[in-house]
file protein24.cif (mmCIF, C-alpha atoms)
data_data
loop_
_atom_site.group_PDB
_atom_site.id
_atom_site.type_symbol
_atom_site.label_atom_id
_atom_site.label_comp_id
_atom_site.auth_asym_id
_atom_site.auth_seq_id
_atom_site.Cartn_x
_atom_site.Cartn_y
_atom_site.Cartn_z
ATOM 1 C CA MET W 1 83.271 83.057 113.041
ATOM 2 C CA LYS W 2 84.303 81.701 116.383
ATOM 3 C CA THR W 3 83.760 84.200 119.203
ATOM 4 C CA SER W 4 87.133 83.137 120.599
ATOM 5 C CA THR W 5 88.870 84.438 117.442
ATOM 6 C CA VAL W 6 87.271 87.856 117.764
ATOM 7 C CA LYS W 7 88.134 88.065 121.457
ATOM 8 C CA SER W 8 91.704 86.924 120.889
ATOM 9 C CA ILE W 9 92.568 89.402 118.117
ATOM 10 C CA ARG W 10 90.589 92.528 119.115
ATOM 11 C CA PRO W 11 93.193 93.720 121.673
ATOM 12 C CA TYR W 12 95.800 93.745 118.878
ATOM 13 C CA ILE W 13 94.009 96.310 116.707
ATOM 14 C CA ARG W 14 94.356 99.920 117.851
ATOM 15 C CA PRO W 15 92.776 103.180 116.664
ATOM 16 C CA ILE W 16 95.057 105.999 115.567
ATOM 17 C CA LEU W 17 93.286 109.374 115.392
ATOM 18 C CA ASP W 18 93.822 111.860 112.554
ATOM 19 C CA PHE W 19 95.808 109.537 110.307
ATOM 20 C CA PRO W 20 96.512 109.826 107.391
ATOM 21 C CA LYS W 21 94.772 113.207 107.682
ATOM 22 C CA PRO W 22 92.645 115.082 110.217
ATOM 23 C CA GLY W 23 89.239 113.535 110.796
ATOM 24 C CA ILE W 24 90.243 109.997 109.789
ATOM 25 C CA GLN W 25 90.519 107.239 112.369
ATOM 26 C CA PHE W 26 93.033 104.626 111.196
ATOM 27 C CA TRP W 27 92.849 101.070 112.563
ATOM 28 C CA ASP W 28 96.406 99.847 113.043
ATOM 29 C CA ILE W 29 97.057 96.105 112.697
ATOM 30 C CA THR W 30 100.785 96.357 113.515
ATOM 31 C CA PRO W 31 100.356 94.815 116.991
ATOM 32 C CA LEU W 32 98.352 91.984 115.413
ATOM 33 C CA VAL W 33 101.034 91.051 112.897
ATOM 34 C CA LYS W 34 103.696 91.326 115.604
ATOM 35 C CA SER W 35 102.026 88.615 117.696
ATOM 36 C CA PRO W 36 102.541 85.115 116.244
ATOM 37 C CA ALA W 37 99.524 83.703 118.097
ATOM 38 C CA ALA W 38 97.154 86.528 117.122
ATOM 39 C CA LEU W 39 98.367 86.514 113.515
ATOM 40 C CA HIS W 40 97.871 82.758 113.255
ATOM 41 C CA GLU W 41 94.371 83.055 114.737
ATOM 42 C CA ALA W 42 93.460 85.867 112.309
ATOM 43 C CA VAL W 43 94.653 84.009 109.206
ATOM 44 C CA ASP W 44 92.818 80.852 110.264
ATOM 45 C CA GLY W 45 89.674 82.928 110.771
ATOM 46 C CA LEU W 46 90.001 84.642 107.400
ATOM 47 C CA VAL W 47 90.214 81.429 105.373
ATOM 48 C CA GLU W 48 88.020 79.096 107.445
ATOM 49 C CA PRO W 49 84.742 79.840 105.573
ATOM 50 C CA PHE W 50 86.443 79.354 102.190
ATOM 51 C CA ALA W 51 88.426 76.175 102.874
ATOM 52 C CA ASP W 52 86.132 74.052 100.688
ATOM 53 C CA ALA W 53 85.194 76.727 98.133
ATOM 54 C CA GLY W 54 87.587 75.641 95.381
ATOM 55 C CA VAL W 55 89.839 78.693 95.715
ATOM 56 C CA ASN W 56 92.902 78.441 93.474
ATOM 57 C CA LEU W 57 94.272 81.982 93.950
ATOM 58 C CA VAL W 58 94.255 84.621 96.664
ATOM 59 C CA ALA W 59 94.492 88.307 95.765
ATOM 60 C CA GLY W 60 95.622 90.968 98.234
ATOM 61 C CA MET W 61 95.710 94.723 97.892
ATOM 62 C CA GLU W 62 98.785 96.808 98.590
ATOM 63 C CA ALA W 63 99.956 97.055 101.233
ATOM 64 C CA ARG W 64 98.420 95.357 104.260
ATOM 65 C CA GLY W 65 96.445 92.990 102.038
ATOM 66 C CA PHE W 66 99.817 91.525 101.034
ATOM 67 C CA ILE W 67 100.434 90.417 104.608
ATOM 68 C CA PHE W 68 97.126 88.655 105.125
ATOM 69 C CA GLY W 69 96.707 87.593 101.503
ATOM 70 C CA ALA W 70 100.060 85.856 101.224
ATOM 71 C CA LEU W 71 99.518 84.060 104.523
ATOM 72 C CA ALA W 72 95.989 83.057 103.487
ATOM 73 C CA ALA W 73 97.329 81.710 100.175
ATOM 74 C CA ALA W 74 99.942 79.654 102.031
ATOM 75 C CA LYS W 75 97.285 78.350 104.424
ATOM 76 C CA LEU W 76 95.062 77.321 101.463
ATOM 77 C CA ASN W 77 98.078 76.015 99.496
ATOM 78 C CA VAL W 78 97.289 78.222 96.491
ATOM 79 C CA GLY W 79 99.003 81.057 94.622
ATOM 80 C CA PHE W 80 98.997 84.743 95.570
ATOM 81 C CA ILE W 81 98.265 87.736 93.316
ATOM 82 C CA PRO W 82 99.512 91.173 94.396
ATOM 83 C CA LEU W 83 97.232 94.071 93.465
ATOM 84 C CA ARG W 84 99.647 97.007 93.385
ATOM 85 C CA LYS W 85 99.721 100.772 93.270
ATOM 86 C CA PRO W 86 100.479 102.234 89.807
ATOM 87 C CA GLY W 87 104.003 101.938 88.492
ATOM 88 C CA LYS W 88 105.097 99.112 90.791
ATOM 89 C CA LEU W 89 104.670 96.123 88.467
ATOM 90 C CA PRO W 90 107.288 95.398 85.771
ATOM 91 C CA TYR W 91 105.052 93.594 83.237
ATOM 92 C CA ASP W 92 101.977 94.557 81.207
ATOM 93 C CA VAL W 93 99.153 95.555 83.539
ATOM 94 C CA GLN W 94 95.424 96.069 83.785
ATOM 95 C CA SER W 95 94.393 99.073 85.916
ATOM 96 C CA GLN W 96 91.322 100.030 87.920
ATOM 97 C CA ARG W 97 90.668 103.479 89.438
ATOM 98 C CA TYR W 98 88.523 103.898 92.565
ATOM 99 C CA ASP W 99 87.549 106.384 95.280
ATOM 100 C CA LEU W 100 88.613 106.217 98.921
ATOM 101 C CA GLU W 101 87.021 107.875 101.938
ATOM 102 C CA TYR W 102 89.871 110.422 101.766
ATOM 103 C CA GLY W 103 90.783 110.642 98.046
ATOM 104 C CA SER W 104 91.158 108.409 95.014
ATOM 105 C CA ALA W 105 93.616 105.751 93.898
ATOM 106 C CA SER W 106 94.293 103.013 91.347
ATOM 107 C CA LEU W 107 95.295 99.379 91.491
ATOM 108 C CA GLU W 108 97.144 97.334 88.884
ATOM 109 C CA VAL W 109 97.661 93.642 88.259
ATOM 110 C CA HIS W 110 99.770 91.777 85.713
ATOM 111 C CA LEU W 111 97.732 90.770 82.681
ATOM 112 C CA ASP W 112 98.747 87.137 83.103
ATOM 113 C CA ALA W 113 98.085 86.945 86.869
ATOM 114 C CA VAL W 114 94.566 85.577 86.466
ATOM 115 C CA GLU W 115 93.239 83.146 83.872
ATOM 116 C CA ARG W 116 89.639 82.685 82.787
ATOM 117 C CA GLY W 117 87.846 80.563 85.370
ATOM 118 C CA ASP W 118 90.346 81.068 88.204
ATOM 119 C CA ARG W 119 88.549 81.082 91.564
ATOM 120 C CA VAL W 120 89.911 83.994 93.558
ATOM 121 C CA LEU W 121 89.561 84.869 97.238
ATOM 122 C CA LEU W 122 90.073 88.581 97.900
ATOM 123 C CA VAL W 123 91.816 89.347 101.216
ATOM 124 C CA ASP W 124 92.527 92.638 102.970
ATOM 125 C CA ASP W 125 93.002 93.917 106.495
ATOM 126 C CA LEU W 126 90.016 96.268 106.454
ATOM 127 C CA ILE W 127 86.886 97.223 104.563
ATOM 128 C CA ALA W 128 85.736 100.813 105.037
ATOM 129 C CA THR W 129 83.742 102.373 102.174
ATOM 130 C CA GLY W 130 84.339 99.322 99.981
ATOM 131 C CA GLY W 131 85.919 101.201 97.082
ATOM 132 C CA THR W 132 89.222 99.342 97.135
ATOM 133 C CA ALA W 133 87.550 95.946 97.434
ATOM 134 C CA ALA W 134 85.008 96.697 94.686
ATOM 135 C CA ALA W 135 87.779 97.891 92.350
ATOM 136 C CA SER W 136 89.795 94.771 93.156
ATOM 137 C CA CYS W 137 86.852 92.527 92.284
ATOM 138 C CA GLU W 138 86.374 94.391 88.986
ATOM 139 C CA LEU W 139 90.083 94.076 88.222
ATOM 140 C CA ILE W 140 90.058 90.295 88.822
ATOM 141 C CA ARG W 141 86.893 89.884 86.743
ATOM 142 C CA SER W 142 88.327 91.972 83.894
ATOM 143 C CA LEU W 143 90.943 89.232 83.462
ATOM 144 C CA GLY W 144 88.372 86.426 83.557
ATOM 145 C CA GLY W 145 88.583 85.414 87.202
ATOM 146 C CA ASP W 146 85.655 84.543 89.439
ATOM 147 C CA ILE W 147 85.446 86.036 92.924
ATOM 148 C CA VAL W 148 84.746 83.271 95.451
ATOM 149 C CA GLY W 149 84.527 85.719 98.332
ATOM 150 C CA CYS W 150 85.993 88.720 100.098
ATOM 151 C CA THR W 151 87.460 88.334 103.578
ATOM 152 C CA PHE W 152 88.656 91.077 105.923
ATOM 153 C CA VAL W 153 90.114 91.307 109.393
ATOM 154 C CA VAL W 154 88.116 94.476 110.228
ATOM 155 C CA GLU W 155 84.895 95.960 108.882
ATOM 156 C CA LEU W 156 84.016 99.572 109.666
ATOM 157 C CA GLU W 157 80.260 99.031 109.563
ATOM 158 C CA ALA W 158 79.279 102.706 109.760
ATOM 159 C CA LEU W 159 80.998 103.397 106.411
ATOM 160 C CA GLY W 160 78.779 100.926 104.532
ATOM 161 C CA GLY W 161 81.430 99.133 102.481
ATOM 162 C CA ARG W 162 79.282 96.012 102.076
ATOM 163 C CA ALA W 163 76.971 97.972 99.770
ATOM 164 C CA GLN W 164 79.839 98.312 97.264
ATOM 165 C CA LEU W 165 80.176 94.522 97.244
ATOM 166 C CA ALA W 166 76.517 93.637 96.690
ATOM 167 C CA GLY W 167 76.231 90.013 95.623
ATOM 168 C CA GLU W 168 79.654 89.026 96.956
ATOM 169 C CA ARG W 169 80.205 86.539 99.754
ATOM 170 C CA ILE W 170 81.739 88.687 102.518
ATOM 171 C CA HIS W 171 83.407 87.512 105.704
ATOM 172 C CA THR W 172 84.894 89.705 108.433
ATOM 173 C CA LEU W 173 86.510 88.874 111.756
ATOM 174 C CA LEU W 174 85.658 92.120 113.588
ATOM 175 C CA GLU W 175 82.997 94.749 113.073
ATOM 176 C CA LEU W 176 83.942 98.139 114.506
#

call {"tool": "encode", "arguments": {"input": "protein24.cif", "output": "structure tokens"}}
result
Amino acid sequence: MKTSTVKSIRPYIRPILDFPKPGIQFWDITPLVKSPAALHEAVDGLVEPFADAGVNLVAGMEARGFIFGALAAAKLNVGFIPLRKPGKLPYDVQSQRYDLEYGSASLEVHLDAVERGDRVLLVDDLIATGGTAAASCELIRSLGGDIVGCTFVVELEALGGRAQLAGERIHTLLEL
């Protein structure tokens, strides 16, 4: 990762204390997505290590993963797969439950979103404990896809999310 990318996007990511509940520090990317230059720099940084990896799909988790995932897919000229919260997809779905640092959740994907052998890049704004990313990888694999890598704007190193993704190729722009 280019040091210039980290320096150029760090000022656009702000901590919000006690959100979504007391004791949690939320890292807000709203200023980042508001700035065309910072957003462009972040998306370039997210996909750069995977440009020659044979990616044919990008998957992003609801909700902020949609922002970066769709832009990464456009940058790589490949399709995008939304991984959604339960009850949001209109077709037959596969589900995966997982734990968060402040509760539990599930993700769903259309059964026909991934075909056997598809090479999928997983994109999200942040990796914390790694539960969402690990569940997303399992969900993609359950449909026959191969995970090429996982790329994040922010990694909260102290929460140890990388351990949940043992064996995966992981790329982050900022470690906080």

call {"tool": "residues_around", "arguments": {"input": "protein24.cif", "residues": "region 54-60 of chain W", "least_positions_apart": "3", "cutoff": "7 Å", "atoms": "only C-alpha atoms", "output": "list in words"}}
result
Gly65, Phe66, Gly69, Ala73, Val78, Gly79, Phe80, Ile81, Pro82, Leu83, Asp118, Arg119, Val120, Leu121, Leu122, Val123, Asp124 and Val148 of chain W

call {"tool": "residues_around", "arguments": {"input": "protein24.cif", "residues": "Lys85 (chain W)", "least_positions_apart": "4", "cutoff": "8 Å", "atoms": "all atoms listed in the file", "output": "ChimeraX atom specification"}}
result
/W:62,105-108

call {"tool": "resolve_selection", "arguments": {"input": "protein24.cif", "expression": "the PyMOL selection byres ((chain W and resi 113) around 9)", "output": "number ranges by chain"}}
result
W: 81-82, 109-112, 114-115, 140, 143

call {"tool": "residues_around", "arguments": {"input": "protein24.cif", "residues": "Asp28 (chain W)", "least_positions_apart": "4", "cutoff": "10 Å", "atoms": "all atoms listed in the file", "output": "PyMOL selection string"}}
result
chain W and resi 12-16+32-33+125-126

call {"tool": "resolve_selection", "arguments": {"input": "protein24.cif", "expression": "the PyMOL selection byres ((chain W and resi 42) around 10)", "output": "PyMOL selection string"}}
result
chain W and resi 5-6+8-10+32-33+36-41+43-48+68+72+125+152-153+173

call {"tool": "closest_residue", "arguments": {"input": "protein24.cif", "among": "W:Leu100, W:Arg169, W:Ile29, W:Lys88", "to": "Val154 (chain W)", "atoms": "only C-alpha atoms"}}
result
W:Ile29

call {"tool": "resolve_selection", "arguments": {"input": "protein24.cif", "expression": "the PyMOL selection byres ((chain W and resi 166) around 12)", "output": "ChimeraX atom specification"}}
result
/W:130,133-134,137,149-150,160-165,167-170

call {"tool": "atom_distance", "arguments": {"input": "protein24.cif", "atom1": "CA of Gln96 (chain W)", "atom2": "CA of Arg116 (chain W)"}}
result
18.2 Å

call {"tool": "residues_near_point", "arguments": {"input": "protein24.cif", "point": "(84.5, 105.9, 98.7)", "cutoff": "6 Å", "atoms": "all atoms listed in the file", "output": "number ranges by chain"}}
result
W: 99-101, 129, 131

call {"tool": "atom_distance", "arguments": {"input": "protein24.cif", "atom1": "CA of Gly145 (chain W)", "atom2": "CA of Gly117 (chain W)"}}
result
5.2 Å

call {"tool": "closest_residue", "arguments": {"input": "protein24.cif", "among": "W:Asp92, W:Ala128, W:Gly144, W:Arg84", "to": "Leu176 (chain W)", "atoms": "all atoms listed in the file"}}
result
W:Ala128

call {"tool": "atom_distance", "arguments": {"input": "protein24.cif", "atom1": "CA of Ser136 (chain W)", "atom2": "CA of Lys7 (chain W)"}}
result
29.1 Å

call {"tool": "axis_aligned_box", "arguments": {"input": "protein24.cif", "around": "region 12-19 of chain W", "padding_each_side": "5 Å", "output": "lines of an AutoDock Vina configuration file"}}
result
center_x = 94.3
center_y = 102.8
center_z = 114.6
size_x = 13.0
size_y = 28.1
size_z = 18.6

call {"tool": "decode", "arguments": {"input": "protein24.cif", "residues": "region 145-158 of chain W", "atoms": "C-alpha atoms", "output": "PDB file, in the first residue's frame"}}
result
ATOM      1  CA  GLY W 145     -17.066 -19.567  -5.231  1.00  0.00           C
ATOM      2  CA  ASP W 146     -13.382 -19.128  -4.470  1.00  0.00           C
ATOM      3  CA  ILE W 147     -12.244 -16.218  -2.312  1.00  0.00           C
ATOM      4  CA  VAL W 148      -9.359 -14.416  -4.029  1.00  0.00           C
ATOM      5  CA  GLY W 149      -8.898 -12.024  -1.129  1.00  0.00           C
ATOM      6  CA  CYS W 150     -10.499  -9.735   1.416  1.00  0.00           C
ATOM      7  CA  THR W 151      -9.871  -5.994   1.251  1.00  0.00           C
ATOM      8  CA  PHE W 152     -10.885  -3.347   3.784  1.00  0.00           C
ATOM      9  CA  VAL W 153     -10.516   0.386   4.178  1.00  0.00           C
ATOM     10  CA  VAL W 154      -9.919   0.118   7.960  1.00  0.00           C
ATOM     11  CA  GLU W 155      -8.662  -2.663  10.213  1.00  0.00           C
ATOM     12  CA  LEU W 156      -9.148  -2.404  13.972  1.00  0.00           C
ATOM     13  CA  GLU W 157      -6.041  -4.401  14.848  1.00  0.00           C
ATOM     14  CA  ALA W 158      -6.745  -4.700  18.579  1.00  0.00           C
TER      15      ALA W 158
END
